[in-house]
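Pasted below: work_7.cif, mmCIF, C-alpha atoms.
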data_input
#
loop_
_atom_site.group_PDB
_atom_site.id
_atom_site.type_symbol
_atom_site.label_atom_id
_atom_site.label_comp_id
_atom_site.auth_asym_id
_atom_site.auth_seq_id
_atom_site.Cartn_x
_atom_site.Cartn_y
_atom_site.Cartn_z
ATOM 1 C CA MET A 15 -34.456 25.229 15.919
ATOM 2 C CA VAL A 16 -32.698 23.664 12.920
ATOM 3 C CA ASP A 17 -34.882 22.814 9.961
ATOM 4 C CA PRO A 18 -34.641 19.018 9.211
ATOM 5 C CA VAL A 19 -35.020 19.640 5.489
ATOM 6 C CA LEU A 20 -31.989 21.945 5.521
ATOM 7 C CA VAL A 21 -29.942 19.295 7.358
ATOM 8 C CA VAL A 22 -30.876 16.651 4.768
ATOM 9 C CA ILE A 23 -30.076 18.967 1.840
ATOM 10 C CA LEU A 24 -26.678 19.919 3.303
ATOM 11 C CA SER A 25 -25.877 16.268 4.064
ATOM 12 C CA VAL A 26 -26.662 15.274 0.482
ATOM 13 C CA LEU A 27 -24.510 18.121 -0.849
ATOM 14 C CA VAL A 28 -21.580 17.066 1.353
ATOM 15 C CA LEU A 29 -21.969 13.471 0.142
ATOM 16 C CA ILE A 30 -22.025 14.578 -3.509
ATOM 17 C CA VAL A 31 -18.893 16.703 -3.040
ATOM 18 C CA ALA A 32 -17.109 13.803 -1.316
ATOM 19 C CA VAL A 33 -17.982 11.364 -4.112
ATOM 20 C CA LEU A 34 -16.918 13.821 -6.823
ATOM 21 C CA ARG A 35 -13.629 14.494 -5.029
ATOM 22 C CA GLY A 36 -12.998 10.762 -4.704
ATOM 23 C CA LEU A 37 -13.601 10.232 -8.412
ATOM 24 C CA GLN A 38 -11.282 13.117 -9.240
ATOM 25 C CA ALA A 39 -8.543 11.618 -7.050
ATOM 26 C CA LEU A 40 -8.920 8.219 -8.716
ATOM 27 C CA ARG A 41 -8.730 9.744 -12.181
ATOM 28 C CA HIS A 42 -5.702 11.849 -11.223
ATOM 29 C CA THR A 43 -3.690 8.889 -9.869
ATOM 30 C CA ARG A 44 -4.547 6.447 -12.664
ATOM 31 C CA GLY A 45 -1.397 4.938 -14.157
ATOM 32 C CA THR A 46 0.790 5.797 -11.167
ATOM 33 C CA GLU A 47 0.212 2.581 -9.217
ATOM 34 C CA ARG A 48 3.177 1.310 -7.270
ATOM 35 C CA GLY A 49 4.588 -2.173 -7.378
ATOM 36 C CA SER A 50 5.678 -4.458 -10.173
ATOM 37 C CA LYS A 51 4.046 -6.856 -12.568
ATOM 38 C CA PRO A 52 3.766 -10.488 -11.400
ATOM 39 C CA GLY A 53 6.198 -12.896 -13.006
ATOM 40 C CA THR A 54 9.015 -15.289 -12.299
ATOM 41 C CA GLY A 55 12.246 -14.684 -10.477
ATOM 42 C CA TYR A 56 13.003 -12.379 -7.602
ATOM 43 C CA HIS A 57 13.489 -8.737 -6.765
ATOM 44 C CA GLU A 58 16.824 -8.094 -5.047
ATOM 45 C CA ILE A 59 16.652 -5.472 -2.299
ATOM 46 C CA GLU A 60 19.773 -4.380 -0.457
ATOM 47 C CA THR A 61 19.648 -2.421 2.793
ATOM 48 C CA THR A 62 22.546 -0.809 4.588
ATOM 49 C CA TYR A 63 22.596 0.685 8.067
ATOM 50 C CA HIS A 64 25.537 2.576 9.546
ATOM 51 C CA SER A 65 25.397 3.642 13.151
ATOM 52 C CA GLY A 66 27.865 6.428 12.542
ATOM 53 C CA GLY A 67 31.094 7.100 14.288
ATOM 54 C CA GLY A 68 34.018 4.718 14.087
ATOM 55 C CA GLY A 69 32.357 1.732 12.496
ATOM 56 C CA GLY A 70 29.496 -0.579 13.036
ATOM 57 C CA GLY A 71 26.521 -1.065 10.864
ATOM 58 C CA HIS A 72 24.664 -3.761 9.076
ATOM 59 C CA GLN A 73 24.082 -4.754 5.461
ATOM 60 C CA THR A 74 21.393 -7.199 4.343
ATOM 61 C CA SER A 75 20.090 -8.419 1.021
ATOM 62 C CA TYR A 76 16.504 -9.638 0.566
ATOM 63 C CA ARG A 77 15.062 -11.737 -2.246
ATOM 64 C CA ILE A 78 11.377 -11.019 -2.803
ATOM 65 C CA PRO A 79 9.550 -13.369 -5.195
ATOM 66 C CA ARG A 80 7.680 -11.798 -8.115
ATOM 67 C CA ASP A 81 5.055 -14.554 -8.036
ATOM 68 C CA PRO A 82 2.163 -13.420 -5.779
ATOM 69 C CA GLN A 83 1.410 -16.971 -4.606
ATOM 70 C CA GLU A 84 5.011 -17.651 -3.618
ATOM 71 C CA TYR A 85 5.138 -14.260 -1.861
ATOM 72 C CA ALA A 86 1.982 -15.078 0.124
ATOM 73 C CA LYS A 87 3.403 -18.451 1.204
ATOM 74 C CA ARG A 88 6.161 -16.647 3.096
ATOM 75 C CA PHE A 89 3.609 -15.368 5.592
ATOM 76 C CA ILE A 90 2.337 -18.839 6.547
ATOM 77 C CA PRO A 91 4.069 -20.185 9.665
ATOM 78 C CA LYS A 92 6.324 -23.162 8.967
ATOM 79 C CA ASP A 93 4.812 -25.193 11.806
ATOM 80 C CA LYS A 94 1.278 -24.792 10.404
ATOM 81 C CA SER A 95 -0.257 -28.257 10.101
ATOM 82 C CA LYS A 96 -1.757 -29.133 6.755
#

As structure tokens, the full file:
Amino acid sequence: MVDPVLVVILSVLVLIVAVLRGLQALRHTRGTERGSKPGTGYHEIETTYHSGGGGGGHQTSYRIPRDPQEYAKRFIPKDKSK
């Protein structure tokens, strides 16, 4: 039969290792966050798709606002009543 004290001790050790590994990962990735600083204006993103062969494809340009509030407003349906 498995000793309950041993199970508790091993569980605590696994928890401690998991927390320490999480802290190490946070410290290692500090300063490498993705994204851009909020501000005014827009980011311009261009995408191009070519189907290959003798032509075809698609090119699109997107304007993404730098302001977080304006960006969030784009996800609200236009027919949403106020």

Inset, instruction - Tell me which protein, DNA and RNA residues are within 7 Å of region 72-82 of chain A, counting all atoms listed in the file, leaving out same-chain ones fewer than 4 positions away, and put them as an MDAnalysis selection string. - result: chainID A and resid 52:64 86

Go ahead and save the picked residues with C-alpha atoms, as a PDB file, in the frame of the given file.
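Just written: selection_18.pdb:
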ATOM      1  CA  PRO A  52       3.766 -10.488 -11.400  1.00  0.00           C
ATOM      2  CA  GLY A  53       6.198 -12.896 -13.006  1.00  0.00           C
ATOM      3  CA  THR A  54       9.015 -15.289 -12.299  1.00  0.00           C
ATOM      4  CA  GLY A  55      12.246 -14.684 -10.477  1.00  0.00           C
ATOM      5  CA  TYR A  56      13.003 -12.379  -7.602  1.00  0.00           C
ATOM      6  CA  HIS A  57      13.489  -8.737  -6.765  1.00  0.00           C
ATOM      7  CA  GLU A  58      16.824  -8.094  -5.047  1.00  0.00           C
ATOM      8  CA  ILE A  59      16.652  -5.472  -2.299  1.00  0.00           C
ATOM      9  CA  GLU A  60      19.773  -4.380  -0.457  1.00  0.00           C
ATOM     10  CA  THR A  61      19.648  -2.421   2.793  1.00  0.00           C
ATOM     11  CA  THR A  62      22.546  -0.809   4.588  1.00  0.00           C
ATOM     12  CA  TYR A  63      22.596   0.685   8.067  1.00  0.00           C
ATOM     13  CA  HIS A  64      25.537   2.576   9.546  1.00  0.00           C
ATOM     14  CA  ALA A  86       1.982 -15.078   0.124  1.00  0.00           C
TER      15      ALA A  86
END

Legend entry - Coordinates-based distance that separates CA of Ser50 (chain A) from CA of Glu84 (chain A) (Å, one decimal):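 We find that CA of Glu84 (chain A) and CA of Ser50 (chain A) lie 14.7 Å from each other.
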
Legend entry - Atomic distance CA of Asp17 (chain A) - CA of Val31 (chain A), expressed in Å with one decimal: 21.5 Å

Calculate, to one decimal in Å, the centre and edge lengths of the box along x, y and z of the file that holds all listed atoms of region 64-77 of chain A with 6 Å of margin on each side, and present them as AutoDock Vina command-line options.
--center_x 24.5 --center_y -2.3 --center_z 6.0 --size_x 31.0 --size_y 30.8 --size_z 28.5

Legend entry - Separation of CA of Val22 (chain A) from CA of Gln38 (chain A) in Å: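 If I compute the distance from CA of Gln38 (chain A) to CA of Val22 (chain A), I get 24.3 Å.
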
Can you rebuild region 31-61 of chain A with N, CA and C atoms and give it as a short mmCIF file (atom, residue, chain, number, x, y, z; two decimals), in the coordinates of the input?
data_model
loop_
_atom_site.label_atom_id
_atom_site.label_comp_id
_atom_site.auth_asym_id
_atom_site.auth_seq_id
_atom_site.Cartn_x
_atom_site.Cartn_y
_atom_site.Cartn_z
N VAL A 31 -20.23 16.13 -2.92
CA VAL A 31 -18.89 16.70 -3.04
C VAL A 31 -17.83 15.65 -2.71
N ALA A 32 -18.07 14.84 -1.69
CA ALA A 32 -17.11 13.80 -1.32
C ALA A 32 -16.94 12.76 -2.42
N VAL A 33 -18.05 12.35 -3.02
CA VAL A 33 -17.98 11.36 -4.11
C VAL A 33 -17.26 11.95 -5.31
N LEU A 34 -17.58 13.19 -5.68
CA LEU A 34 -16.92 13.82 -6.82
C LEU A 34 -15.42 13.99 -6.57
N ARG A 35 -15.05 14.35 -5.36
CA ARG A 35 -13.63 14.49 -5.03
C ARG A 35 -12.92 13.15 -5.08
N GLY A 36 -13.58 12.10 -4.62
CA GLY A 36 -13.00 10.76 -4.70
C GLY A 36 -12.78 10.32 -6.14
N LEU A 37 -13.75 10.58 -7.00
CA LEU A 37 -13.60 10.23 -8.41
C LEU A 37 -12.47 11.03 -9.07
N GLN A 38 -12.36 12.30 -8.70
CA GLN A 38 -11.28 13.12 -9.24
C GLN A 38 -9.92 12.58 -8.80
N ALA A 39 -9.81 12.16 -7.55
CA ALA A 39 -8.54 11.62 -7.05
C ALA A 39 -8.19 10.32 -7.76
N LEU A 40 -9.18 9.47 -8.00
CA LEU A 40 -8.92 8.22 -8.72
C LEU A 40 -8.46 8.49 -10.14
N ARG A 41 -9.09 9.43 -10.80
CA ARG A 41 -8.73 9.74 -12.18
C ARG A 41 -7.33 10.36 -12.23
N HIS A 42 -7.00 11.18 -11.24
CA HIS A 42 -5.70 11.85 -11.22
C HIS A 42 -4.55 10.87 -10.99
N THR A 43 -4.76 9.83 -10.20
CA THR A 43 -3.69 8.89 -9.87
C THR A 43 -3.66 7.67 -10.78
N ARG A 44 -4.53 7.60 -11.76
CA ARG A 44 -4.55 6.45 -12.66
C ARG A 44 -3.22 6.36 -13.41
N GLY A 45 -2.66 5.16 -13.46
CA GLY A 45 -1.40 4.94 -14.16
C GLY A 45 -0.17 5.17 -13.29
N THR A 46 -0.35 5.56 -12.05
CA THR A 46 0.79 5.80 -11.17
C THR A 46 0.84 4.77 -10.05
N GLU A 47 0.23 3.61 -10.26
CA GLU A 47 0.21 2.58 -9.22
C GLU A 47 1.63 2.11 -8.93
N ARG A 48 1.87 1.79 -7.67
CA ARG A 48 3.18 1.31 -7.27
C ARG A 48 3.24 -0.21 -7.41
N GLY A 49 4.43 -0.73 -7.32
CA GLY A 49 4.59 -2.17 -7.38
C GLY A 49 5.15 -2.62 -8.71
N SER A 50 5.15 -3.91 -8.93
CA SER A 50 5.68 -4.46 -10.17
C SER A 50 4.72 -5.52 -10.69
N LYS A 51 4.88 -5.84 -11.94
CA LYS A 51 4.05 -6.86 -12.57
C LYS A 51 4.44 -8.23 -12.04
N PRO A 52 3.44 -9.12 -11.82
CA PRO A 52 3.77 -10.49 -11.40
C PRO A 52 4.58 -11.21 -12.48
N GLY A 53 5.40 -12.14 -12.05
CA GLY A 53 6.20 -12.90 -13.01
C GLY A 53 7.03 -13.93 -12.28
N THR A 54 8.12 -14.31 -12.90
CA THR A 54 9.02 -15.29 -12.30
C THR A 54 10.27 -14.58 -11.81
N GLY A 55 11.01 -15.25 -10.98
CA GLY A 55 12.25 -14.68 -10.48
C GLY A 55 12.03 -13.91 -9.19
N TYR A 56 13.01 -13.09 -8.87
CA TYR A 56 13.00 -12.38 -7.60
C TYR A 56 13.42 -10.93 -7.80
N HIS A 57 12.96 -10.09 -6.90
CA HIS A 57 13.49 -8.74 -6.76
C HIS A 57 14.61 -8.82 -5.74
N GLU A 58 15.72 -8.15 -6.00
CA GLU A 58 16.82 -8.09 -5.05
C GLU A 58 16.79 -6.73 -4.37
N ILE A 59 16.68 -6.72 -3.06
CA ILE A 59 16.65 -5.47 -2.30
C ILE A 59 17.80 -5.50 -1.31
N GLU A 60 18.64 -4.48 -1.38
CA GLU A 60 19.77 -4.38 -0.46
C GLU A 60 19.54 -3.22 0.50
N THR A 61 19.77 -3.47 1.79
CA THR A 61 19.65 -2.42 2.79
C THR A 61 20.97 -2.30 3.53
#
